[in-house]
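Comments concern the structure below.
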Amino acid sequence: APLEYYADSTGGDIIGFDADGIRALADHWGIDYKFEVTSFDGLMPGLQSGKCDVIFGGLYMSEDRLKIADAAPIMNAGPAVLATPETAKTISKPEDLCGLRVVSQAASANAASIVALSEKCVADGKDPIATAEYPKVSETVLAVLNGKADALVETNVAAAYMVTQNEGKLAEAAGVFPPDTTFGAFTKLDNPFSAALATAIEELRADGTLAKIAADYNLDESILEVN
């Protein structure tokens, strides 16, 4: 949440910005759609193997991913740090994470960023970050709430929602990382379908459909202003 999640937490309808974006695309083209549920680290392998035609699921347009798949930009994103309100007050810059226990979702760009930051901590003569990865974002939240971790790193989009769902228990450490990347909808590399998908997303952006979906999930419309 708020990108893709079950309406009743464990099953049933899949909702969220990405899920509704897929529905909007299907309506735009006048076609049917089918969701394929998989783990986060199974997204790109699923695309490559043909299990799915499109990944519309909060995936960064990183250089490594763009070497093996096409992508159309959807929204601006970047890492955010969440912790208990008391701990969040002590974190204002990346190096403040040195020596802390920090968790993230497995196989995510955020996980890789934490590892790289930990290496910088050591290079600068500071304590490394004790990192841990969990398959689900909800598990990173529980790790912080249960005292198993000092902080978690998640995308700014999801982080804002997580704070609202854990009011008084979680807070965002403001301004630690600037937005640095873009979420995209991915298709197979050099696939003729890629251009059609990119065009459709821009049409849904231009006619206000994406902005309306963003508003439905309390997302700031400005994050849709991508280059």
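Each chain in the structure tokens gets a letter, A, B, ..., in the order shown, and its residues are numbered from 1; ligands are numbered from 1 in order too.
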Practice prompt. Pick out each residue of region 54-176 of chain A that DSSP on the backbone tags as strand (DSSP E or B); I need them as a ChimeraX atom specification.
Written response: /A:55-60,69-77,79-83,101-105,130-134,151-155,167,170-173
Output file for the residues above (N, CA, C and O atoms, as a compact mmCIF listing (two decimals), in the first residue's frame):
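The resulting selection-v3.txt:
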# COMPACT_ATOMS: atom_id res chain seq x y z
N ILE A 55 4.97 -5.25 -15.95
CA ILE A 55 5.14 -5.03 -14.52
C ILE A 55 4.70 -3.61 -14.24
O ILE A 55 5.33 -2.65 -14.67
N PHE A 56 3.61 -3.46 -13.53
CA PHE A 56 3.12 -2.15 -13.11
C PHE A 56 3.04 -2.25 -11.60
O PHE A 56 1.97 -2.39 -11.03
N GLY A 57 4.20 -2.21 -10.95
CA GLY A 57 4.21 -2.54 -9.54
C GLY A 57 5.27 -1.86 -8.71
O GLY A 57 5.98 -2.51 -7.95
N GLY A 58 5.40 -0.53 -8.81
CA GLY A 58 6.31 0.18 -7.93
C GLY A 58 7.75 -0.22 -8.12
O GLY A 58 8.48 -0.43 -7.14
N LEU A 59 8.20 -0.34 -9.36
CA LEU A 59 9.55 -0.79 -9.64
C LEU A 59 10.38 0.37 -10.20
O LEU A 59 9.97 1.03 -11.15
N TYR A 60 11.54 0.60 -9.58
CA TYR A 60 12.41 1.68 -10.02
C TYR A 60 12.94 1.45 -11.43
O TYR A 60 13.28 0.33 -11.81
N ALA A 69 15.11 -4.65 -19.82
CA ALA A 69 13.67 -4.45 -20.05
C ALA A 69 13.41 -3.00 -20.47
O ALA A 69 14.20 -2.11 -20.18
N ASP A 70 12.31 -2.79 -21.18
CA ASP A 70 11.85 -1.45 -21.50
C ASP A 70 10.99 -0.94 -20.34
O ASP A 70 10.42 -1.73 -19.58
N ALA A 71 10.87 0.39 -20.23
CA ALA A 71 10.04 0.94 -19.17
C ALA A 71 9.48 2.30 -19.58
O ALA A 71 10.15 3.08 -20.25
N ALA A 72 8.26 2.56 -19.17
CA ALA A 72 7.61 3.86 -19.37
C ALA A 72 7.46 4.51 -18.01
O ALA A 72 6.96 3.89 -17.07
N PRO A 73 7.89 5.78 -17.86
CA PRO A 73 7.82 6.44 -16.54
C PRO A 73 6.40 6.69 -16.07
O PRO A 73 5.53 7.03 -16.86
N ILE A 74 6.21 6.51 -14.76
CA ILE A 74 4.89 6.73 -14.16
C ILE A 74 4.92 7.83 -13.11
O ILE A 74 4.16 8.78 -13.16
N MET A 75 5.83 7.73 -12.14
CA MET A 75 5.88 8.72 -11.08
C MET A 75 7.28 8.85 -10.50
O MET A 75 8.09 7.92 -10.60
N ASN A 76 7.57 10.00 -9.91
CA ASN A 76 8.84 10.22 -9.24
C ASN A 76 8.84 9.51 -7.90
O ASN A 76 7.80 9.41 -7.23
N ALA A 77 10.00 9.03 -7.51
CA ALA A 77 10.10 8.31 -6.25
C ALA A 77 11.50 8.47 -5.67
O ALA A 77 12.41 8.95 -6.33
N PRO A 79 13.93 7.07 -1.82
CA PRO A 79 13.89 6.40 -0.52
C PRO A 79 13.50 7.34 0.61
O PRO A 79 13.79 8.53 0.56
N ALA A 80 12.83 6.80 1.60
CA ALA A 80 12.49 7.53 2.81
C ALA A 80 12.82 6.66 4.01
O ALA A 80 12.80 5.43 3.92
N VAL A 81 13.13 7.28 5.12
CA VAL A 81 13.49 6.56 6.35
C VAL A 81 12.35 6.68 7.34
O VAL A 81 11.89 7.79 7.65
N LEU A 82 11.90 5.54 7.86
CA LEU A 82 10.88 5.51 8.89
C LEU A 82 11.45 4.89 10.15
O LEU A 82 12.24 3.94 10.09
N ALA A 83 11.04 5.41 11.29
CA ALA A 83 11.49 4.90 12.58
C ALA A 83 10.44 5.28 13.62
O ALA A 83 9.42 5.91 13.29
N ARG A 101 20.46 -0.44 13.08
CA ARG A 101 19.88 -1.62 12.45
C ARG A 101 18.80 -1.15 11.49
O ARG A 101 17.80 -0.59 11.92
N VAL A 102 19.02 -1.38 10.20
CA VAL A 102 18.12 -0.84 9.18
C VAL A 102 17.62 -1.98 8.30
O VAL A 102 18.41 -2.80 7.81
N VAL A 103 16.32 -2.03 8.08
CA VAL A 103 15.70 -3.10 7.29
C VAL A 103 15.07 -2.53 6.03
O VAL A 103 14.77 -1.34 5.94
N SER A 104 14.85 -3.41 5.06
CA SER A 104 14.24 -3.02 3.79
C SER A 104 13.63 -4.25 3.15
O SER A 104 13.83 -5.38 3.62
N GLN A 105 12.90 -4.03 2.06
CA GLN A 105 12.31 -5.15 1.33
C GLN A 105 13.37 -5.84 0.50
O GLN A 105 14.21 -5.19 -0.14
N ALA A 130 23.82 -2.33 10.29
CA ALA A 130 23.39 -3.72 10.42
C ALA A 130 22.14 -3.89 9.57
O ALA A 130 21.06 -3.44 9.94
N THR A 131 22.30 -4.49 8.39
CA THR A 131 21.20 -4.58 7.44
C THR A 131 20.46 -5.91 7.54
O THR A 131 21.05 -6.94 7.92
N ALA A 132 19.20 -5.88 7.19
CA ALA A 132 18.39 -7.09 7.10
C ALA A 132 17.31 -6.85 6.06
O ALA A 132 16.81 -5.73 5.92
N GLU A 133 16.94 -7.90 5.33
CA GLU A 133 15.94 -7.78 4.29
C GLU A 133 14.79 -8.74 4.56
O GLU A 133 14.99 -9.85 5.05
N TYR A 134 13.58 -8.29 4.26
CA TYR A 134 12.38 -9.08 4.45
C TYR A 134 11.60 -9.17 3.14
O TYR A 134 11.60 -8.21 2.35
N ALA A 151 15.32 1.32 12.17
CA ALA A 151 14.69 2.09 11.10
C ALA A 151 14.47 1.20 9.89
O ALA A 151 15.06 0.12 9.77
N LEU A 152 13.60 1.65 9.00
CA LEU A 152 13.39 0.97 7.73
C LEU A 152 13.50 1.99 6.62
O LEU A 152 13.24 3.17 6.81
N VAL A 153 13.90 1.52 5.45
CA VAL A 153 13.96 2.38 4.28
C VAL A 153 12.99 1.84 3.26
O VAL A 153 13.04 0.68 2.88
N GLU A 154 12.08 2.72 2.82
CA GLU A 154 11.05 2.35 1.85
C GLU A 154 10.83 3.55 0.94
O GLU A 154 11.27 4.66 1.23
N THR A 155 10.18 3.34 -0.17
CA THR A 155 9.94 4.45 -1.09
C THR A 155 9.08 5.52 -0.41
O THR A 155 8.25 5.21 0.45
N GLU A 167 -0.02 5.72 13.11
CA GLU A 167 0.08 7.04 13.72
C GLU A 167 0.55 6.95 15.17
O GLU A 167 0.02 6.16 15.96
N LEU A 170 5.07 5.28 14.11
CA LEU A 170 6.09 5.48 13.08
C LEU A 170 6.09 6.94 12.66
O LEU A 170 5.06 7.60 12.64
N ALA A 171 7.28 7.41 12.30
CA ALA A 171 7.41 8.77 11.79
C ALA A 171 8.48 8.77 10.71
O ALA A 171 9.40 7.94 10.74
N GLU A 172 8.35 9.67 9.75
CA GLU A 172 9.36 9.78 8.71
C GLU A 172 10.45 10.75 9.15
O GLU A 172 10.16 11.83 9.67
N ALA A 173 11.69 10.34 8.98
CA ALA A 173 12.83 11.22 9.22
C ALA A 173 12.94 12.12 8.00
O ALA A 173 13.31 11.67 6.91
Practice prompt. Any chance you could list, as a VMD selection string, the residues in region 4-202 of chain A that come up alpha helix (DSSP H) when DSSP is run on the backbone?
Written response: chain A and resid 17 to 29 43 to 49 63 to 66 85 to 88 109 to 123 137 to 145 156 to 165 193 to 202
Discussion item. As an exercise, work out the distance from CA of Ile15 (chain A) to CA of Leu47 (chain A) in Å and give it to one decimal place.
Written reply: 20.9 Å
Practice prompt. Determine the nearest neighbour of Leu224 (chain A) from the options A:Val157, A:Leu117, A:Val176, A:Ala88, counting only C-alpha atoms.
Written response: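 Of the candidates, the smallest distance to Leu224 (chain A) is held by A:Val157.
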Worksheet item: Near Gln165 (chain A), counting only C-alpha atoms, which residues have an atom at most 12 Å away, once you skip same-chain residues fewer than 4 positions from it, shown as JSON, numbers by chain?
Response: {"A": [1, 2, 138, 141, 158, 159, 160, 161, 169, 170, 171]}
Write the selection just made, keeping C-alpha atoms, as a JSON list (two decimals), in the first residue's frame?
[["chain", "number", "residue", "atom", "x", "y", "z"],
["A", 1, "ALA", "CA", 0.00, 0.00, 0.00],
["A", 2, "PRO", "CA", -0.79, 2.47, -1.43],
["A", 138, "SER", "CA", 4.78, -5.17, 6.23],
["A", 141, "VAL", "CA", 7.33, -2.30, 9.66],
["A", 158, "ALA", "CA", 4.68, 3.87, 0.44],
["A", 159, "ALA", "CA", 6.27, 5.52, 3.47],
["A", 160, "ALA", "CA", 3.67, 8.29, 3.60],
["A", 161, "TYR", "CA", 0.90, 5.69, 3.70],
["A", 169, "LYS", "CA", 4.22, 4.61, 16.29],
["A", 170, "LEU", "CA", 6.09, 5.48, 13.08],
["A", 171, "ALA", "CA", 7.41, 8.77, 11.79]]
Fill in: Who sits within 12 Å of Ala26 (chain A), only C-alpha atoms, same chain under 4 positions skipped, as number ranges by chain
A: 19-22, 30-35, 54, 197, 200-201, 204
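Omitting Val115 (chain A) and its sequence neighbours fewer than 4 positions away, and counting only C-alpha atoms, the residues within 9 Å are Asn110, Ala111, Glu119, Lys120, Ile129 and Thr131 of chain A.
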Keeping C-alpha atoms for every residue in the selection just given, could you write it to a file as a PDB file, in the first residue's frame?
ATOM      1  CA  ASN A 110      16.408   0.485  -1.278  1.00  0.00           C
ATOM      2  CA  ALA A 111      18.142  -2.631   0.015  1.00  0.00           C
ATOM      3  CA  GLU A 119      30.184   0.623   2.884  1.00  0.00           C
ATOM      4  CA  LYS A 120      30.539   4.405   2.861  1.00  0.00           C
ATOM      5  CA  ILE A 129      24.826  -0.440   9.170  1.00  0.00           C
ATOM      6  CA  THR A 131      21.205  -4.580   7.438  1.00  0.00           C
TER       7      THR A 131
END
Practice prompt. For CA of Met44 (chain A) and CA of Phe183 (chain A), determine how far apart the two atoms are, in Å to one decimal place.
Written response: 13.9 Å
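What separates CA of Ala149 (chain A) from CA of Ser39 (chain A) is a distance of 22.2 Å.
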